[in-house]
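Printed here is input-v9.cif (mmCIF, C-alpha atoms):
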```
data_protein
loop_
_atom_site.group_PDB
_atom_site.id
_atom_site.type_symbol
_atom_site.label_atom_id
_atom_site.label_comp_id
_atom_site.auth_asym_id
_atom_site.auth_seq_id
_atom_site.Cartn_x
_atom_site.Cartn_y
_atom_site.Cartn_z
ATOM 1 C CA MET A 1 -5.375 -12.110 -12.060
ATOM 2 C CA GLU A 2 -8.590 -13.382 -10.520
ATOM 3 C CA ALA A 3 -7.273 -13.881 -6.976
ATOM 4 C CA LEU A 4 -4.000 -13.710 -5.060
ATOM 5 C CA LEU A 5 -3.183 -15.257 -1.679
ATOM 6 C CA LEU A 6 -0.291 -13.813 0.310
ATOM 7 C CA LYS A 7 0.686 -16.570 2.781
ATOM 8 C CA GLY A 8 2.343 -16.231 6.171
ATOM 9 C CA GLY A 9 3.476 -12.624 6.064
ATOM 10 C CA VAL A 10 3.618 -10.127 8.906
ATOM 11 C CA VAL A 11 0.508 -8.025 8.302
ATOM 12 C CA LEU A 12 0.411 -4.483 9.687
ATOM 13 C CA ILE A 13 -3.040 -4.349 11.283
ATOM 14 C CA HIS A 14 -4.344 -1.428 13.360
ATOM 15 C CA ASP A 15 -5.869 -2.423 16.708
ATOM 16 C CA HIS A 16 -8.818 -0.715 18.438
ATOM 17 C CA ASN A 17 -6.504 2.029 19.771
ATOM 18 C CA ASP A 18 -5.183 2.720 16.238
ATOM 19 C CA LYS A 19 -1.798 1.243 17.135
ATOM 20 C CA VAL A 20 -0.077 -0.963 14.571
ATOM 21 C CA ALA A 21 -0.193 -4.582 15.712
ATOM 22 C CA PRO A 22 2.124 -6.695 13.507
ATOM 23 C CA THR A 23 0.339 -10.041 13.056
ATOM 24 C CA ARG A 24 1.405 -13.159 11.141
ATOM 25 C CA ALA A 25 -1.481 -13.803 8.750
ATOM 26 C CA ASP A 26 -2.590 -14.574 5.206
ATOM 27 C CA VAL A 27 -4.207 -11.983 2.930
ATOM 28 C CA LEU A 28 -6.626 -12.994 0.171
ATOM 29 C CA ILE A 29 -7.052 -10.463 -2.629
ATOM 30 C CA LYS A 30 -9.868 -10.890 -5.158
ATOM 31 C CA GLY A 31 -9.613 -8.543 -8.110
ATOM 32 C CA ASN A 32 -8.524 -5.234 -6.572
ATOM 33 C CA VAL A 33 -10.098 -5.854 -3.161
ATOM 34 C CA ILE A 34 -8.696 -7.320 0.055
ATOM 35 C CA ALA A 35 -11.323 -10.020 0.575
ATOM 36 C CA GLU A 36 -10.067 -11.684 3.759
ATOM 37 C CA ILE A 37 -7.297 -11.543 6.344
ATOM 38 C CA GLY A 38 -6.738 -14.539 8.604
ATOM 39 C CA SER A 39 -4.542 -17.471 9.480
ATOM 40 C CA SER A 40 -4.280 -20.587 7.307
ATOM 41 C CA LEU A 41 -6.599 -19.286 4.573
ATOM 42 C CA ALA A 42 -7.342 -21.770 1.797
ATOM 43 C CA ALA A 43 -6.495 -20.709 -1.749
ATOM 44 C CA PRO A 44 -9.520 -20.669 -4.084
ATOM 45 C CA SER A 45 -9.089 -22.650 -7.301
ATOM 46 C CA GLY A 46 -6.999 -20.810 -9.875
ATOM 47 C CA CYS A 47 -5.589 -18.491 -7.213
ATOM 48 C CA ASP A 48 -1.935 -17.413 -7.366
ATOM 49 C CA VAL A 49 -0.113 -17.946 -4.053
ATOM 50 C CA ILE A 50 2.941 -16.016 -2.860
ATOM 51 C CA ASP A 51 4.938 -17.184 0.173
ATOM 52 C CA CYS A 52 5.423 -14.033 2.261
ATOM 53 C CA THR A 53 7.213 -15.676 5.182
ATOM 54 C CA ASP A 54 9.584 -13.154 6.793
ATOM 55 C CA SER A 55 8.058 -10.328 4.716
ATOM 56 C CA ILE A 56 5.895 -7.386 5.740
ATOM 57 C CA VAL A 57 2.499 -7.223 4.038
ATOM 58 C CA SER A 58 0.868 -3.802 3.959
ATOM 59 C CA PRO A 59 -1.406 -1.855 1.623
ATOM 60 C CA GLY A 60 0.428 0.479 -0.739
ATOM 61 C CA PHE A 61 1.901 3.562 0.828
ATOM 62 C CA VAL A 62 0.728 6.875 -0.593
ATOM 63 C CA ASP A 63 2.821 10.025 -0.357
ATOM 64 C CA THR A 64 0.332 12.694 0.666
ATOM 65 C CA HIS A 65 2.972 15.378 1.211
ATOM 66 C CA ASN A 66 2.058 18.335 -0.955
ATOM 67 C CA HIS A 67 2.107 22.106 -1.062
ATOM 68 C CA LEU A 68 -1.436 23.141 -1.863
ATOM 69 C CA TRP A 69 -0.437 26.649 -2.904
ATOM 70 C CA GLN A 70 1.628 25.152 -5.759
ATOM 71 C CA ALA A 71 -1.251 23.169 -7.275
ATOM 72 C CA PRO A 72 -2.444 25.959 -9.636
ATOM 73 C CA LEU A 73 1.146 26.380 -10.904
ATOM 74 C CA LYS A 74 1.687 22.693 -11.683
ATOM 75 C CA GLY A 75 3.361 22.280 -15.055
ATOM 76 C CA LEU A 76 3.750 26.005 -15.729
ATOM 77 C CA PHE A 77 7.358 26.481 -14.625
ATOM 78 C CA GLY A 78 8.836 22.989 -15.031
ATOM 79 C CA ASP A 79 11.899 24.189 -16.937
ATOM 80 C CA MET A 80 12.669 27.129 -14.622
ATOM 81 C CA ALA A 81 15.603 26.972 -12.178
ATOM 82 C CA PHE A 82 14.789 27.046 -8.472
ATOM 83 C CA ILE A 83 16.103 30.538 -7.595
ATOM 84 C CA PRO A 84 14.209 32.393 -10.374
ATOM 85 C CA TYR A 85 11.114 30.284 -9.595
ATOM 86 C CA MET A 86 11.208 31.488 -5.990
ATOM 87 C CA GLY A 87 11.565 35.099 -7.166
ATOM 88 C CA VAL A 88 14.917 35.662 -5.488
#
```

Would you mind giving the structure from this file in structure tokens?
Amino acid sequence: MEALLLKGGVVLIHDHNDKVAPTRADVLIKGNVIAEIGSSLAAPSGCDVIDCTDSIVSPGFVDTHNHLWQAPLKGLFGDMAFIPYMGV
């Protein structure tokens, strides 16, 4: 995929006070980069277009919840039941 244009979606944009300001807009993605956000963007030649009317457009959500103390143990006790793992 060279480019992708997401048309007419509700884009979750942060304003100057870091509040989410839902805005109807188009999002142009070139390669793996958001190249432009605006209204009525023109699709470059060869660009795939997706109608996002009535849809929310947002970058991927990342689950950053973790327990840092468990990182060194990752993969060591995968087959152990919870109670023995906790040492109870």

Evaluate the PyMOL selection byres ((chain A and resi 35) around 12) on the structure here and hand back the selected residues as a list of chain:residue names.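 Matching residues under the PyMOL selection byres ((chain A and resi 35) around 12) are A:Glu2, A:Ala3, A:Leu4, A:Leu5, A:Leu6, A:Asp26, A:Val27, A:Leu28, A:Ile29, A:Lys30, A:Gly31, A:Asn32, A:Val33, A:Ile34, A:Glu36, A:Ile37, A:Gly38, A:Leu41, A:Ala43, A:Pro44.
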
What separation in Å, quoted to one decimal, exists between atom CA of Leu12 of chain A and atom CA of Ala25 of chain A? 9.6 Å

Shell of 8 Å around Pro22 of chain A, all atoms listed in the file, local chain residues under 4 positions omitted, as a PyMOL selection string: chain A and resi 10-13

Point-to-point distance in Å for atom CA of Ala21 of chain A and atom CA of Val57 of chain A: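 Separation between atom CA of Val57 of chain A and atom CA of Ala21 of chain A: 12.3 Å.
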
Adding 6 Å on each side of the box along x, y and z that holds all listed atoms of segment 52-55 of chain A, could you give its centre and edge lengths in Å to one decimal, as AutoDock Vina command-line options?
```
--center_x 7.5 --center_y -13.0 --center_z 4.5 --size_x 16.2 --size_y 17.3 --size_z 16.5
```

Any idea what the distance is between atom CA of Arg24 of chain A and atom CA of Asp54 of chain A?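 Interatomic distance, atom CA of Arg24 of chain A to atom CA of Asp54 of chain A: 9.3 Å.
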
Ranking A:Gly9, A:Pro84, A:Pro72, A:Gly78 by minimum distance to Ser39 of chain A and counting only C-alpha atoms, which one comes first?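 Residue with the minimum atom-to-atom distance to Ser39 of chain A: A:Gly9.
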
Within 12 Å of Met86 of chain A, counting all atoms listed in the file, which residues qualify if same-chain residues fewer than 6 places away don't, as JSON, numbers by chain? {"A": [70, 77, 80]}

Which residues are near Cys52 of chain A? Cut-off 6 Å, only C-alpha atoms, ignore same chain within fewer than 2 positions. Put them as number ranges by chain. A: 7-9, 55

Could you extract segment 33-62 of chain A of the given structure into a file holding N, CA and C atoms, as a PDB file, in the first residue's frame?
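Heads up, here's the output in out02.pdb:
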```
ATOM      1  N   VAL A  33       3.160   6.526   7.686  1.00  0.00           N
ATOM      2  CA  VAL A  33       3.188   7.844   8.303  1.00  0.00           C
ATOM      3  C   VAL A  33       1.895   8.598   8.015  1.00  0.00           C
ATOM      4  N   ILE A  34       1.336   9.244   9.035  1.00  0.00           N
ATOM      5  CA  ILE A  34       0.206  10.147   8.817  1.00  0.00           C
ATOM      6  C   ILE A  34       0.784  11.393   8.160  1.00  0.00           C
ATOM      7  N   ALA A  35       0.451  11.598   6.885  1.00  0.00           N
ATOM      8  CA  ALA A  35       1.046  12.685   6.113  1.00  0.00           C
ATOM      9  C   ALA A  35       0.264  13.987   6.245  1.00  0.00           C
ATOM     10  N   GLU A  36      -1.077  13.879   6.380  1.00  0.00           N
ATOM     11  CA  GLU A  36      -1.886  15.093   6.409  1.00  0.00           C
ATOM     12  C   GLU A  36      -3.236  14.798   7.044  1.00  0.00           C
ATOM     13  N   ILE A  37      -3.736  15.773   7.789  1.00  0.00           N
ATOM     14  CA  ILE A  37      -5.086  15.725   8.341  1.00  0.00           C
ATOM     15  C   ILE A  37      -5.760  17.019   7.933  1.00  0.00           C
ATOM     16  N   GLY A  38      -6.951  16.925   7.345  1.00  0.00           N
ATOM     17  CA  GLY A  38      -7.655  18.123   6.910  1.00  0.00           C
ATOM     18  C   GLY A  38      -9.011  17.773   6.340  1.00  0.00           C
ATOM     19  N   SER A  39      -9.716  18.790   5.881  1.00  0.00           N
ATOM     20  CA  SER A  39     -11.030  18.541   5.291  1.00  0.00           C
ATOM     21  C   SER A  39     -10.918  18.525   3.771  1.00  0.00           C
ATOM     22  N   SER A  40     -11.674  17.655   3.154  1.00  0.00           N
ATOM     23  CA  SER A  40     -11.740  17.535   1.688  1.00  0.00           C
ATOM     24  C   SER A  40     -10.369  17.324   1.053  1.00  0.00           C
ATOM     25  N   LEU A  41      -9.558  16.437   1.626  1.00  0.00           N
ATOM     26  CA  LEU A  41      -8.250  16.140   1.034  1.00  0.00           C
ATOM     27  C   LEU A  41      -8.438  15.382  -0.274  1.00  0.00           C
ATOM     28  N   ALA A  42      -7.601  15.686  -1.247  1.00  0.00           N
ATOM     29  CA  ALA A  42      -7.638  14.983  -2.531  1.00  0.00           C
ATOM     30  C   ALA A  42      -6.793  13.716  -2.430  1.00  0.00           C
ATOM     31  N   ALA A  43      -7.287  12.649  -3.025  1.00  0.00           N
ATOM     32  CA  ALA A  43      -6.560  11.375  -3.018  1.00  0.00           C
ATOM     33  C   ALA A  43      -5.477  11.400  -4.092  1.00  0.00           C
ATOM     34  N   PRO A  44      -4.219  11.133  -3.731  1.00  0.00           N
ATOM     35  CA  PRO A  44      -3.167  11.025  -4.743  1.00  0.00           C
ATOM     36  C   PRO A  44      -3.472   9.860  -5.686  1.00  0.00           C
ATOM     37  N   SER A  45      -2.886   9.860  -6.862  1.00  0.00           N
ATOM     38  CA  SER A  45      -3.148   8.764  -7.800  1.00  0.00           C
ATOM     39  C   SER A  45      -2.675   7.445  -7.204  1.00  0.00           C
ATOM     40  N   GLY A  46      -3.461   6.405  -7.400  1.00  0.00           N
ATOM     41  CA  GLY A  46      -3.134   5.082  -6.888  1.00  0.00           C
ATOM     42  C   GLY A  46      -3.417   4.902  -5.405  1.00  0.00           C
ATOM     43  N   CYS A  47      -4.047   5.887  -4.796  1.00  0.00           N
ATOM     44  CA  CYS A  47      -4.325   5.853  -3.362  1.00  0.00           C
ATOM     45  C   CYS A  47      -5.620   5.090  -3.091  1.00  0.00           C
ATOM     46  N   ASP A  48      -5.602   4.204  -2.093  1.00  0.00           N
ATOM     47  CA  ASP A  48      -6.833   3.548  -1.650  1.00  0.00           C
ATOM     48  C   ASP A  48      -7.611   4.537  -0.794  1.00  0.00           C
ATOM     49  N   VAL A  49      -8.952   4.532  -0.943  1.00  0.00           N
ATOM     50  CA  VAL A  49      -9.806   5.447  -0.190  1.00  0.00           C
ATOM     51  C   VAL A  49     -10.823   4.633   0.594  1.00  0.00           C
ATOM     52  N   ILE A  50     -10.969   4.953   1.875  1.00  0.00           N
ATOM     53  CA  ILE A  50     -11.966   4.296   2.723  1.00  0.00           C
ATOM     54  C   ILE A  50     -12.919   5.366   3.242  1.00  0.00           C
ATOM     55  N   ASP A  51     -14.226   5.147   3.037  1.00  0.00           N
ATOM     56  CA  ASP A  51     -15.246   6.060   3.550  1.00  0.00           C
ATOM     57  C   ASP A  51     -15.414   5.795   5.044  1.00  0.00           C
ATOM     58  N   CYS A  52     -15.048   6.765   5.859  1.00  0.00           N
ATOM     59  CA  CYS A  52     -15.107   6.603   7.319  1.00  0.00           C
ATOM     60  C   CYS A  52     -16.242   7.408   7.945  1.00  0.00           C
ATOM     61  N   THR A  53     -17.230   7.782   7.120  1.00  0.00           N
ATOM     62  CA  THR A  53     -18.373   8.518   7.639  1.00  0.00           C
ATOM     63  C   THR A  53     -18.984   7.753   8.804  1.00  0.00           C
ATOM     64  N   ASP A  54     -19.291   8.465   9.871  1.00  0.00           N
ATOM     65  CA  ASP A  54     -19.877   7.887  11.091  1.00  0.00           C
ATOM     66  C   ASP A  54     -18.937   6.916  11.801  1.00  0.00           C
ATOM     67  N   SER A  55     -17.639   7.023  11.553  1.00  0.00           N
ATOM     68  CA  SER A  55     -16.649   6.183  12.233  1.00  0.00           C
ATOM     69  C   SER A  55     -15.639   7.075  12.947  1.00  0.00           C
ATOM     70  N   ILE A  56     -15.071   6.560  14.022  1.00  0.00           N
ATOM     71  CA  ILE A  56     -14.011   7.282  14.725  1.00  0.00           C
ATOM     72  C   ILE A  56     -12.669   6.868  14.132  1.00  0.00           C
ATOM     73  N   VAL A  57     -11.834   7.853  13.840  1.00  0.00           N
ATOM     74  CA  VAL A  57     -10.498   7.601  13.306  1.00  0.00           C
ATOM     75  C   VAL A  57      -9.498   8.037  14.374  1.00  0.00           C
ATOM     76  N   SER A  58      -8.655   7.109  14.789  1.00  0.00           N
ATOM     77  CA  SER A  58      -7.683   7.399  15.838  1.00  0.00           C
ATOM     78  C   SER A  58      -6.463   6.515  15.624  1.00  0.00           C
ATOM     79  N   PRO A  59      -5.268   7.002  16.000  1.00  0.00           N
ATOM     80  CA  PRO A  59      -4.110   6.119  15.932  1.00  0.00           C
ATOM     81  C   PRO A  59      -4.339   4.890  16.802  1.00  0.00           C
ATOM     82  N   GLY A  60      -3.600   3.834  16.537  1.00  0.00           N
ATOM     83  CA  GLY A  60      -3.757   2.600  17.304  1.00  0.00           C
ATOM     84  C   GLY A  60      -3.581   2.822  18.793  1.00  0.00           C
ATOM     85  N   PHE A  61      -4.387   2.142  19.559  1.00  0.00           N
ATOM     86  CA  PHE A  61      -4.267   2.234  21.011  1.00  0.00           C
ATOM     87  C   PHE A  61      -3.243   1.213  21.486  1.00  0.00           C
ATOM     88  N   VAL A  62      -2.416   1.609  22.422  1.00  0.00           N
ATOM     89  CA  VAL A  62      -1.373   0.741  22.950  1.00  0.00           C
ATOM     90  C   VAL A  62      -1.638   0.527  24.435  1.00  0.00           C
TER      91      VAL A  62
END
```
